[in-house]
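Structure file protein.cif; described as mmCIF, C-alpha atoms.
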data_data
#
loop_
_atom_site.label_atom_id
_atom_site.label_comp_id
_atom_site.auth_asym_id
_atom_site.auth_seq_id
_atom_site.Cartn_x
_atom_site.Cartn_y
_atom_site.Cartn_z
CA MET A 195 28.42 75.28 -43.86
CA LYS A 196 25.04 75.39 -42.15
CA LYS A 197 23.29 75.70 -45.53
CA ILE A 198 25.28 72.75 -46.91
CA ALA A 199 24.40 70.64 -43.84
CA CYS A 200 20.71 71.44 -44.32
CA LEU A 201 20.88 70.45 -47.99
CA LEU A 202 22.63 67.19 -47.11
CA SER A 203 20.03 66.45 -44.43
CA PHE A 204 17.21 67.09 -46.90
CA ALA A 205 18.86 64.88 -49.52
CA ILE A 206 19.27 62.01 -47.02
CA SER A 207 15.67 62.37 -45.82
CA SER A 208 14.38 62.39 -49.39
CA SER A 209 16.31 59.24 -50.21
CA LEU A 210 14.79 57.48 -47.20
CA ALA A 211 11.26 58.69 -47.95
CA MET A 212 8.90 56.14 -49.45
CA SER A 213 6.25 56.94 -52.02
CA LEU A 214 2.72 55.61 -51.57
CA ASP A 215 3.21 53.18 -54.47
CA GLU A 216 6.36 51.80 -52.81
CA ILE A 217 4.57 51.40 -49.47
CA VAL A 218 1.65 49.61 -51.16
CA ASP A 219 3.99 47.30 -53.14
CA ASN A 220 5.91 46.33 -49.98
CA ALA A 221 2.68 45.72 -48.08
CA LEU A 222 1.27 43.46 -50.80
CA LYS A 223 4.46 41.39 -50.69
CA ASN A 224 4.71 41.15 -46.91
CA ASN A 225 1.15 41.20 -45.54
CA GLN A 226 0.44 37.85 -43.90
CA ASP A 227 -3.30 37.87 -44.59
CA ILE A 228 -2.62 38.26 -48.30
CA ASN A 229 0.06 35.56 -48.23
CA SER A 230 -2.41 33.25 -46.51
CA ILE A 231 -5.01 33.78 -49.27
CA GLU A 232 -2.33 33.12 -51.91
CA LYS A 233 -1.69 29.75 -50.23
CA SER A 234 -5.43 29.06 -50.41
CA ILE A 235 -5.25 29.53 -54.18
CA GLU A 236 -2.59 26.79 -54.35
CA ILE A 237 -4.91 24.52 -52.37
CA ALA A 238 -7.75 25.38 -54.76
CA ASN A 239 -5.57 24.26 -57.69
CA GLU A 240 -5.16 20.87 -56.04
CA ASN A 241 -8.91 20.68 -55.44
CA ILE A 242 -9.44 21.11 -59.19
CA VAL A 243 -7.14 18.13 -59.79
CA LEU A 244 -9.02 16.08 -57.18
CA ALA A 245 -12.41 16.98 -58.66
CA LYS A 246 -11.45 15.20 -61.90
CA GLN A 247 -10.47 11.97 -60.15
CA TRP A 248 -12.60 8.88 -59.66
CA LYS A 249 -12.99 7.52 -56.15
CA ASN A 250 -10.27 5.04 -55.17
CA PRO A 251 -11.07 1.35 -55.76
CA ILE A 252 -11.55 -0.84 -52.69
CA LEU A 253 -9.48 -4.02 -52.35
CA THR A 254 -11.03 -6.88 -50.35
CA ILE A 255 -9.12 -9.93 -49.09
CA GLY A 256 -10.76 -12.65 -47.01
CA ALA A 257 -11.73 -16.24 -46.35
CA ASN A 258 -15.22 -17.72 -45.90
CA ASP A 259 -16.81 -20.71 -44.17
CA ILE A 260 -14.26 -20.89 -41.36
CA HIS A 261 -14.92 -23.81 -38.97
CA PHE A 262 -14.27 -22.87 -35.35
CA ASP A 263 -13.09 -26.39 -34.40
CA GLU A 264 -10.54 -26.44 -37.25
CA PRO A 265 -10.09 -22.80 -38.38
CA LEU A 266 -7.03 -23.54 -40.53
CA SER A 267 -8.54 -26.44 -42.41
CA ARG A 268 -9.75 -25.32 -45.87
CA ASP A 269 -10.89 -28.71 -47.42
CA LYS A 270 -13.99 -29.49 -45.38
CA GLU A 271 -16.58 -28.42 -47.95
CA PRO A 272 -16.75 -27.04 -51.53
CA MET A 273 -17.75 -23.48 -50.48
CA GLN A 274 -14.59 -22.90 -48.43
CA ALA A 275 -12.39 -20.46 -50.31
CA GLN A 276 -9.86 -17.67 -49.97
CA TYR A 277 -10.71 -14.71 -52.10
CA ILE A 278 -9.47 -11.36 -53.35
CA GLY A 279 -11.82 -8.77 -54.75
CA ILE A 280 -11.87 -5.22 -56.00
CA SER A 281 -14.76 -2.70 -56.03
CA GLN A 282 -14.89 0.44 -58.12
CA ILE A 283 -17.51 3.19 -58.22
CA ILE A 284 -18.11 4.29 -61.81
CA PRO A 285 -19.57 7.81 -62.10
CA ILE A 286 -22.57 8.11 -64.39
CA GLY A 287 -23.47 11.27 -66.30
CA LYS A 288 -21.57 14.58 -66.10
CA LYS A 289 -20.84 14.60 -62.36
CA ILE A 290 -17.05 14.81 -62.68
CA GLU A 291 -17.26 17.53 -65.30
CA ILE A 292 -19.58 19.61 -63.08
CA LYS A 293 -17.42 19.01 -59.97
CA GLU A 294 -14.43 20.36 -61.89
CA ILE A 295 -16.43 23.44 -62.88
CA ILE A 296 -17.41 24.01 -59.21
CA ALA A 297 -13.78 23.60 -58.08
CA LYS A 298 -12.68 26.17 -60.66
CA LYS A 299 -15.39 28.55 -59.44
CA ASP A 300 -14.05 28.14 -55.89
CA LYS A 301 -10.59 29.09 -57.13
CA GLU A 302 -11.96 32.17 -58.91
CA ILE A 303 -13.78 33.23 -55.73
CA ILE A 304 -10.59 32.91 -53.67
CA SER A 305 -8.60 34.84 -56.31
CA LEU A 306 -11.18 37.64 -56.30
CA SER A 307 -11.25 37.74 -52.49
CA LEU A 308 -7.47 38.20 -52.68
CA GLU A 309 -7.90 41.13 -55.06
CA ASP A 310 -10.60 42.60 -52.80
CA LYS A 311 -8.25 42.28 -49.81
CA ARG A 312 -5.48 44.03 -51.75
CA LEU A 313 -7.77 46.94 -52.59
CA LYS A 314 -8.84 47.30 -48.95
CA LEU A 315 -5.20 47.25 -47.85
CA LYS A 316 -4.26 49.86 -50.45
CA SER A 317 -7.11 52.10 -49.33
CA LYS A 318 -6.10 51.80 -45.66
CA ILE A 319 -2.44 52.57 -46.49
CA TYR A 320 -3.49 55.71 -48.35
CA GLU A 321 -5.68 56.74 -45.42
CA PHE A 322 -2.95 56.28 -42.79
CA SER A 323 -0.31 57.90 -45.00
CA TYR A 324 -2.33 61.01 -45.80
CA ASP A 325 -3.37 61.32 -42.14
CA ILE A 326 0.32 61.37 -41.25
CA LEU A 327 1.21 63.92 -43.95
CA ILE A 328 -1.63 66.25 -42.95
CA LEU A 329 -0.89 65.99 -39.22
CA GLU A 330 2.76 66.77 -39.98
CA LYS A 331 1.56 69.80 -41.94
CA LYS A 332 -0.56 70.85 -38.95
CA LEU A 333 2.45 70.39 -36.64
CA LYS A 334 4.57 72.60 -38.91
CA LEU A 335 1.84 75.25 -38.91
CA LEU A 336 1.66 75.35 -35.10
CA THR A 337 5.44 75.63 -34.91
CA SER A 338 5.34 78.67 -37.20
CA TYR A 339 2.72 80.35 -34.99
CA GLU A 340 4.84 79.93 -31.89
CA LYS A 341 6.97 82.81 -33.19
CA ASN A 342 3.93 85.05 -33.50
CA ILE A 343 2.87 84.32 -29.93
CA LYS A 344 6.39 84.98 -28.64
CA LYS A 345 6.35 88.25 -30.57
CA ILE A 346 3.08 89.28 -28.89
CA GLU A 347 4.46 88.22 -25.49
CA LYS A 348 7.53 90.38 -26.06
CA LEU A 349 5.36 93.32 -27.14
CA SER A 350 3.15 92.90 -24.05
CA ALA A 351 6.22 92.96 -21.80
CA SER A 352 7.49 96.08 -23.57
CA LEU A 353 4.14 97.87 -23.22
CA TYR A 354 3.96 96.75 -19.60
CA GLY A 355 7.26 98.52 -19.02
CA TYR A 356 5.68 101.72 -20.28
CA GLY A 357 2.54 101.21 -18.24
CA LYS A 358 0.42 100.59 -21.33
CA SER A 359 -0.32 96.96 -20.56
CA ASN A 360 -0.94 94.82 -17.50
CA GLN A 361 0.61 91.60 -16.30
CA ASN A 362 -2.46 89.50 -17.21
CA GLU A 363 -1.86 90.22 -20.89
CA ILE A 364 1.69 88.86 -20.59
CA LEU A 365 0.29 85.80 -18.81
CA SER A 366 -2.36 85.37 -21.55
CA ALA A 367 0.40 85.25 -24.16
CA LYS A 368 2.27 82.65 -22.10
CA ILE A 369 -0.91 80.57 -21.74
CA ALA A 370 -1.52 80.77 -25.51
CA TYR A 371 2.05 79.55 -26.08
CA SER A 372 1.54 76.64 -23.68
CA LYS A 373 -1.69 75.67 -25.44
CA ILE A 374 0.25 75.45 -28.69
CA GLN A 375 2.77 73.15 -26.96
CA ILE A 376 -0.02 70.82 -25.79
CA LYS A 377 -1.51 70.70 -29.28
CA LYS A 378 1.92 69.94 -30.75
CA GLN A 379 2.54 67.17 -28.24
CA ASN A 380 -0.83 65.59 -29.06
CA LEU A 381 -0.06 65.81 -32.77
CA ARG A 382 3.34 64.15 -32.32
CA ASN A 383 1.69 61.32 -30.41
CA MET A 384 -0.96 60.85 -33.09
CA ILE A 385 1.70 60.81 -35.81
CA LYS A 386 3.74 58.19 -33.93
CA ASN A 387 0.70 55.97 -33.50
CA LEU A 388 -0.24 56.31 -37.17
CA TYR A 389 3.26 55.28 -38.21
CA LEU A 390 2.89 52.24 -35.95
CA ASN A 391 -0.48 51.41 -37.51
CA LEU A 392 1.06 51.76 -40.96
CA GLU A 393 3.95 49.47 -40.01
CA GLN A 394 1.50 46.93 -38.61
CA ILE A 395 -0.30 46.46 -41.93
CA THR A 396 2.75 46.87 -44.20
CA TYR A 397 5.19 44.74 -42.14
CA SER A 398 7.94 47.29 -42.83
CA LYS A 399 9.57 50.20 -41.03
CA ILE A 400 8.51 53.56 -42.49
CA ASN A 401 10.24 56.75 -41.36
CA LEU A 402 9.12 59.24 -43.98
CA ILE A 403 6.37 59.39 -46.60
CA LYS A 404 6.71 61.10 -49.94
CA ALA A 405 3.43 62.16 -51.55
CA PRO A 406 2.10 65.42 -53.00
CA ILE A 407 -0.74 67.23 -51.27
CA ASP A 408 -2.39 68.76 -54.30
CA ILE A 409 -6.16 68.97 -54.34
CA LYS A 410 -8.71 69.72 -57.03
CA GLU A 411 -12.36 69.08 -57.79
CA LEU A 412 -12.90 65.51 -58.91
CA VAL A 413 -15.35 63.56 -61.01
CA LEU A 414 -15.16 59.87 -60.09
CA ASN A 415 -15.89 57.18 -62.64
CA MET A 416 -16.20 53.52 -61.70
CA ASP A 417 -16.76 50.42 -63.79
CA ILE A 418 -18.75 48.50 -61.20
CA LYS A 419 -18.82 45.30 -63.27
CA ILE A 420 -15.05 44.73 -62.90
CA HIS A 421 -14.82 45.22 -59.15
CA PRO A 422 -13.67 41.94 -57.52
CA LYS A 423 -16.47 41.95 -54.96
CA ILE A 424 -19.10 42.31 -57.70
CA LYS A 425 -17.46 39.62 -59.82
CA MET A 426 -17.22 37.39 -56.75
CA GLN A 427 -20.99 37.62 -56.20
CA LYS A 428 -21.67 36.71 -59.83
CA ILE A 429 -19.39 33.68 -59.65
CA GLN A 430 -20.93 32.54 -56.36
CA SER A 431 -24.37 32.68 -57.98
CA SER A 432 -23.05 30.67 -60.94
CA LYS A 433 -21.42 28.19 -58.55
CA PHE A 434 -24.74 27.44 -56.82
CA LEU A 435 -26.42 26.95 -60.19
CA ASN A 436 -23.76 24.33 -60.96
CA ILE A 437 -24.34 22.74 -57.56
CA ALA A 438 -28.02 22.48 -58.56
CA ARG A 439 -26.93 20.81 -61.82
CA LEU A 440 -24.77 18.38 -59.85
CA GLU A 441 -27.67 17.44 -57.58
CA LYS A 442 -29.83 16.76 -60.64
CA GLU A 443 -27.04 14.55 -62.01
CA ASN A 444 -26.93 12.72 -58.68
CA GLU A 445 -30.37 11.35 -59.52
CA LYS A 446 -28.45 9.13 -61.96
CA SER A 447 -26.83 7.00 -59.28
CA ASP A 448 -23.21 5.98 -59.67
CA ILE A 449 -22.66 2.27 -60.26
CA LYS A 450 -20.50 0.18 -57.98
CA VAL A 451 -18.88 -2.79 -59.75
CA ASN A 452 -17.49 -5.64 -57.63
CA ILE A 453 -15.20 -8.38 -58.96
CA ALA A 454 -13.80 -11.16 -56.74
CA TYR A 455 -11.68 -14.26 -57.36
CA PHE A 456 -12.23 -17.30 -55.07
CA ASN A 457 -9.45 -19.84 -54.58
CA ARG A 458 -10.56 -23.27 -53.28
CA ASP A 459 -8.96 -26.59 -52.30
CA SER A 460 -7.41 -28.58 -55.18
CA LYS A 461 -10.40 -30.92 -55.15
CA TYR A 462 -12.58 -28.07 -56.39
CA LYS A 463 -12.37 -25.56 -59.19
CA ASP A 464 -11.69 -21.87 -58.49
CA TYR A 465 -14.39 -19.40 -59.48
CA ALA A 466 -15.12 -15.65 -59.73
CA ASN A 467 -18.02 -13.40 -58.69
CA ILE A 468 -19.16 -10.24 -60.44
CA SER A 469 -21.83 -7.95 -59.05
CA VAL A 470 -23.16 -4.43 -59.68
CA ASN A 471 -24.67 -2.17 -56.99
CA ILE A 472 -27.04 0.55 -58.15
CA PRO A 473 -28.46 2.94 -55.48
CA LEU A 474 -32.10 3.75 -56.16
CA SER A 475 -33.13 7.39 -56.06
CA ILE A 476 -36.51 6.71 -54.50
CA TYR A 477 -36.88 9.55 -51.99
CA LYS A 478 -35.84 12.33 -54.42
CA THR A 479 -33.60 14.11 -51.90
CA GLU A 480 -31.47 15.26 -54.84
CA LYS A 481 -34.37 17.32 -56.18
CA VAL A 482 -34.75 19.09 -52.85
CA LYS A 483 -31.01 19.82 -52.71
CA ALA A 484 -31.07 21.10 -56.29
CA LEU A 485 -33.98 23.43 -55.48
CA LYS A 486 -32.14 24.75 -52.39
CA ALA A 487 -29.05 25.48 -54.51
CA LYS A 488 -31.14 27.35 -57.12
CA LEU A 489 -32.81 29.41 -54.39
CA LYS A 490 -29.38 30.29 -53.00
CA ALA A 491 -28.23 31.37 -56.48
CA ASN A 492 -31.31 33.61 -56.80
CA GLU A 493 -30.69 35.07 -53.35
CA ILE A 494 -27.11 35.99 -54.30
CA SER A 495 -28.27 37.51 -57.61
CA THR A 496 -30.75 39.70 -55.73
CA LYS A 497 -28.07 40.82 -53.30
CA LEU A 498 -25.79 41.56 -56.25
CA GLU A 499 -28.17 44.25 -57.49
CA ASP A 500 -28.24 45.79 -54.00
CA LEU A 501 -24.44 45.67 -53.84
CA GLU A 502 -24.08 47.43 -57.21
CA ASN A 503 -26.47 50.19 -56.11
CA ASP A 504 -24.61 50.47 -52.81
CA PHE A 505 -21.29 50.90 -54.64
CA LYS A 506 -22.72 53.56 -56.95
CA THR A 507 -24.13 55.52 -54.00
CA LYS A 508 -20.94 55.28 -51.95
CA VAL A 509 -18.79 56.54 -54.83
CA LEU A 510 -21.12 59.51 -55.36
CA VAL A 511 -21.05 60.29 -51.61
CA LEU A 512 -17.24 60.15 -51.64
CA GLN A 513 -17.17 62.48 -54.65
CA ASN A 514 -19.51 64.95 -52.91
CA ASN A 515 -17.44 64.88 -49.71
CA ILE A 516 -14.20 65.37 -51.64
CA ASN A 517 -15.50 68.34 -53.59
CA ASN A 518 -17.18 69.89 -50.55
CA ALA A 519 -13.89 69.72 -48.63
CA TYR A 520 -12.08 71.20 -51.64
CA ARG A 521 -14.46 74.17 -51.87
CA ASN A 522 -14.26 74.82 -48.13
CA TYR A 523 -10.45 74.66 -48.26
CA ILE A 524 -10.28 77.11 -51.17
CA LEU A 525 -12.72 79.49 -49.46
CA ILE A 526 -10.65 79.52 -46.27
CA GLN A 527 -7.31 79.78 -48.09
CA LYS A 528 -8.28 82.38 -50.69
CA THR A 529 -10.71 84.56 -48.72
CA ILE A 530 -10.76 84.16 -44.95
CA LEU A 531 -7.05 83.63 -44.18
CA PRO A 532 -5.77 86.60 -46.24
CA LEU A 533 -8.25 88.86 -44.43
CA LYS A 534 -7.35 87.48 -40.98
CA ARG A 535 -3.62 87.86 -41.73
CA LYS A 536 -4.19 91.43 -42.80
CA MET A 537 -6.16 92.06 -39.61
CA GLN A 538 -3.35 90.52 -37.54
CA LYS A 539 -0.75 92.70 -39.22
CA ASN A 540 -2.87 95.82 -38.67
CA ILE A 541 -3.41 94.94 -34.98
CA GLU A 542 0.30 94.37 -34.41
CA ASN A 543 1.10 97.68 -36.12
CA TYR A 544 -1.53 99.48 -33.99
CA ASN A 545 -0.08 97.88 -30.88
CA SER A 546 3.32 99.28 -31.70
CA LEU A 547 2.07 102.74 -32.61
CA THR A 548 -0.92 103.39 -30.35
CA GLY A 549 -0.56 100.91 -27.52
CA LEU A 550 -3.65 98.88 -28.43
CA LYS A 551 -4.23 96.04 -25.98
CA PRO A 552 -2.12 92.91 -26.84
CA GLN A 553 -5.15 90.81 -25.80
CA VAL A 554 -6.79 91.84 -29.08
CA ALA A 555 -3.75 90.58 -31.01
CA ILE A 556 -3.82 87.24 -29.14
CA GLN A 557 -7.54 86.82 -29.75
CA ASN A 558 -7.19 87.51 -33.48
CA LEU A 559 -4.14 85.24 -33.67
CA ASN A 560 -6.10 82.43 -32.00
CA GLU A 561 -8.85 82.91 -34.58
CA LEU A 562 -6.26 82.92 -37.35
CA ILE A 563 -4.73 79.68 -36.05
CA SER A 564 -8.23 78.21 -35.75
CA PHE A 565 -8.97 78.98 -39.41
CA GLU A 566 -5.57 77.62 -40.48
CA ILE A 567 -6.30 74.38 -38.61
CA ASN A 568 -9.80 74.29 -40.11
CA SER A 569 -8.29 74.52 -43.60
CA ILE A 570 -5.99 71.59 -42.77
CA ASN A 571 -8.99 69.68 -41.40
CA GLN A 572 -10.62 70.20 -44.80
CA LEU A 573 -7.52 68.65 -46.35
CA LYS A 574 -7.90 65.70 -44.01
CA GLU A 575 -11.56 65.32 -45.00
CA TYR A 576 -10.58 65.52 -48.66
CA TYR A 577 -7.88 62.84 -48.43
CA SER A 578 -9.83 60.62 -46.05
CA ASN A 579 -12.55 60.32 -48.70
CA TYR A 580 -10.03 60.18 -51.55
CA SER A 581 -8.27 57.25 -49.84
CA LYS A 582 -11.55 55.33 -49.67
CA THR A 583 -11.96 55.67 -53.45
CA LYS A 584 -8.88 53.46 -53.87
CA TYR A 585 -11.00 50.49 -52.78
CA TYR A 586 -13.59 51.19 -55.46
CA MET A 587 -10.97 51.36 -58.28
CA THR A 588 -12.30 54.72 -59.41
CA LYS A 589 -10.91 56.70 -62.31
CA VAL A 590 -10.51 60.44 -61.77
CA ARG A 591 -11.06 63.25 -64.20
#
For this file, produce the structure as C-alpha cells.
Amino acid sequence: MKKIACLLSFAISSSLAMSLDEIVDNALKNNQDINSIEKSIEIANENIVLAKQWKNPILTIGANDIHFDEPLSRDKEPMQAQYIGISQIIPIGKKIEIKEIIAKKDKEIISLSLEDKRLKLKSKIYEFSYDILILEKKLKLLTSYEKNIKKIEKLSASLYGYGKSNQNEILSAKIAYSKIQIKKQNLRNMIKNLYLNLEQITYSKINLIKAPIDIKELVLNMDIKIHPKIKMQKIQSSKFLNIARLEKENEKSDIKVNIAYFNRDSKYKDYANISVNIPLSIYKTEKVKALKAKLKANEISTKLEDLENDFKTKVLVLQNNINNAYRNYILIQKTILPLKRKMQKNIENYNSLTGLKPQVAIQNLNELISFEINSINQLKEYYSNYSKTKYYMTKVR
C-alpha cells in the first residue's frame, strides 16, 4: 500500500508540474508589461492611419462692419456682409508619404521592443526556474547526508561506551547535524522566494517545475542580424533619415487655400473671396533640422556596430562560462567525489574495526559534502549562463 501511495503521489505531482515552455507561454500571455506594449502597437496602427490624413479644414462664420450704435442693422453701407468661409491646408511634395513611412517605422520599433521584452522575460524565467531546480537538488543532497551524520553520531556514542571516544566527538556530530539543518532551512527559504519571484513575472501560481538537468559542452551560434534589439537600432537609424527627408520636404511650404462667401443686403450683390497663403522658407530652419536628423541617424549607426560587437563578446563569454562550469562539474563528479566517498567508507570501516577517532570521519564527511555542494554550484553556474543565452536567441550544437 505504501508503494502504491508513493506512486500515486508522484503521478499527481508530475501532472501538476509545469515545463519551462509552459511557464514561458503562460507568462507571455499574462505579463502586464507585454500586454501594455501590445496595446501600444494598436495605437501605432492608428497613427499610421492618421499620418495619411490631411489636416482638417477650418470653417469660418462671421459678420463685418458692425456699427456699435445699430449693431443689428446690416444695410448701412455696401461693405456690410455676413459671410461663411472655409480654409484648407494642401500638402505639397511627398510629406504625407514620408510621414506614413515614419509612422510605420515607429510601429516596427514598438513590435521589436515587444519581442526584445519577450526574450528578456524568457531568459529570466529560465534563470529563476533552474535556480529553483538546483537548490531543490542541493536540499535533497543535504537530506541524504543527514543519515551519514546520524550514523557517525551513533558510532561515536557506541565507541564512547567502550571508552574509545570522548563526549566532544558526540557533540561534534550533533553540531554537524545542526549545521545541515541551518543550511536546509536557508535553502527552503531561498526556494520559496524564487517561486514568489517566478510568480511575480509570470502572473501564475507555480508549485512544481519539470525540466531536465542534463549538461554538456556547448558551441553557441547566434545570427546577430535577426536579434530584435539589433533590428530596432537599424530601423531607428532609417527613421531619422526619413525625418531628415521630411524636413527637406518642409522647405516646400504647404499652401493654405481660403474661400469665403459674403452675403449682403438685397440692395447689393453677394460676392466671394479666394486667397492663398504660402509660408516663405526664408530662415532655412528646415535645413538645420534635417542636418540634426542625419547626425542622429549616423550616431545610431555607429552605436549599432558597438552593439553587435558587444553581443558577439557576451555570447562568447557565456559559452566559456558554460563550458568551464561543465568541465569543473565533470572533474568533481568523476574524480574527486568517488575518491572522497571511498575515503569515507574506509574511515567508517576503520572506525568500526580499530576505533579510529569519529572526528576524522566527520571532517572527511564535511569535505565530501563541501565537494558535493561545489559540484551543484557548478551546475548553477552552468544554468545561470545558459539561461542568459535565451535572450540572445542562440543555437546550440
Atom-to-atom span, CA of Asn444 (chain A) and CA of Lys478 (chain A), Å: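 That distance, rounded to one decimal, is 9.9 Å.
Using only C-alpha atoms for every distance, the candidate list A:Leu333, A:Ile420, A:Val511, A:Ala351 yields A:Leu333 as the residue closest to Gln379 (chain A).
Minimum distance to Leu489 (chain A) across A:Ala519, A:Leu412, A:Leu531, A:Ile437 (counting all atoms listed in the file) occurs at A:Ile437.
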Top pick for closest residue to Ile524 (chain A), considering A:Lys341, A:Lys589, A:Lys377, A:Lys410 and counting only C-alpha atoms: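 The answer is A:Lys410, which sits nearest to Ile524 (chain A).
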Proximity to Ser234 (chain A) - best of A:Lys316, A:Lys311, A:Lys419, A:Lys301, only C-alpha atoms: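 Closest to Ser234 (chain A), using only C-alpha atoms: A:Lys301.
Proximity ranking of A:Asn471, A:Asn492, A:Gln427, A:Asn258 relative to Ile283 (chain A) places A:Asn471 first, based on all atoms listed in the file.
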Evaluate the PyMOL selection byres ((chain A and resi 530) around 12) and report residues as a tab-separated table (two decimals) with C-alpha atoms, in the coordinates of the input:
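What ended up in expr-v5.tsv:
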chain	number	residue	atom	x	y	z
A	522	ASN	CA	-14.26	74.82	-48.13
A	523	TYR	CA	-10.45	74.66	-48.26
A	524	ILE	CA	-10.28	77.11	-51.17
A	525	LEU	CA	-12.72	79.49	-49.46
A	526	ILE	CA	-10.65	79.52	-46.27
A	527	GLN	CA	-7.31	79.78	-48.09
A	528	LYS	CA	-8.28	82.38	-50.69
A	529	THR	CA	-10.71	84.56	-48.72
A	531	LEU	CA	-7.05	83.63	-44.18
A	532	PRO	CA	-5.77	86.60	-46.24
A	533	LEU	CA	-8.25	88.86	-44.43
A	534	LYS	CA	-7.35	87.48	-40.98
A	535	ARG	CA	-3.62	87.86	-41.73
A	536	LYS	CA	-4.19	91.43	-42.80
A	537	MET	CA	-6.16	92.06	-39.61
A	561	GLU	CA	-8.85	82.91	-34.58
A	562	LEU	CA	-6.26	82.92	-37.35
A	563	ILE	CA	-4.73	79.68	-36.05
A	564	SER	CA	-8.23	78.21	-35.75
A	565	PHE	CA	-8.97	78.98	-39.41
A	566	GLU	CA	-5.57	77.62	-40.48
A	568	ASN	CA	-9.80	74.29	-40.11
A	569	SER	CA	-8.29	74.52	-43.60
Ref. answer, residues at most 10 Å from (-8.0, 35.8, -50.3) with all atoms listed in the file, as JSON, numbers by chain: {"A": [227, 228, 229, 230, 231, 232, 233, 234, 235, 301, 303, 304, 305, 306, 307, 308, 309, 310, 311, 312]}
Test item: residues at most 12 Å from Glu441 (chain A), all atoms listed in the file, excluding those fewer than 5 positions along its chain, as number ranges by chain: A: 287-289, 292-293, 434-436, 446-447, 475, 478-488
Hey, could you pull the box centre and edge lengths for region 211-229 of chain A, axis-aligned, 5 Å padding per side, all listed atoms, to one decimal in Å, as lines of an AutoDock Vina configuration file?
center_x = 4.0
center_y = 47.1
center_z = -49.2
size_x = 24.6
size_y = 33.1
size_z = 20.6
Near-Leu327 (chain A) list (10 Å; all atoms listed in the file; drop same-chain fewer than 2 positions) as number ranges by chain: A: 322-325, 329-333, 385, 402-407, 574
Dump of C-alpha atoms for the selected residues, as a short mmCIF file (atom, residue, chain, number, x, y, z; two decimals), keeping the file's coordinate frame:
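selection27.cif written:
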data_model
loop_
_atom_site.label_atom_id
_atom_site.label_comp_id
_atom_site.auth_asym_id
_atom_site.auth_seq_id
_atom_site.Cartn_x
_atom_site.Cartn_y
_atom_site.Cartn_z
CA PHE A 322 -2.95 56.28 -42.79
CA SER A 323 -0.31 57.90 -45.00
CA TYR A 324 -2.33 61.01 -45.80
CA ASP A 325 -3.37 61.32 -42.14
CA LEU A 329 -0.89 65.99 -39.22
CA GLU A 330 2.76 66.77 -39.98
CA LYS A 331 1.56 69.80 -41.94
CA LYS A 332 -0.56 70.85 -38.95
CA LEU A 333 2.45 70.39 -36.64
CA ILE A 385 1.70 60.81 -35.81
CA LEU A 402 9.12 59.24 -43.98
CA ILE A 403 6.37 59.39 -46.60
CA LYS A 404 6.71 61.10 -49.94
CA ALA A 405 3.43 62.16 -51.55
CA PRO A 406 2.10 65.42 -53.00
CA ILE A 407 -0.74 67.23 -51.27
CA LYS A 574 -7.90 65.70 -44.01
#
Residue members of the PyMOL selection byres ((chain A and resi 274) around 8) in the file shown, as a ChimeraX atom specification: /A:257-260,268-273,275-276,458-459
d(CA of Ile567 (chain A), CA of Leu336 (chain A)) in Å: 8.8 Å
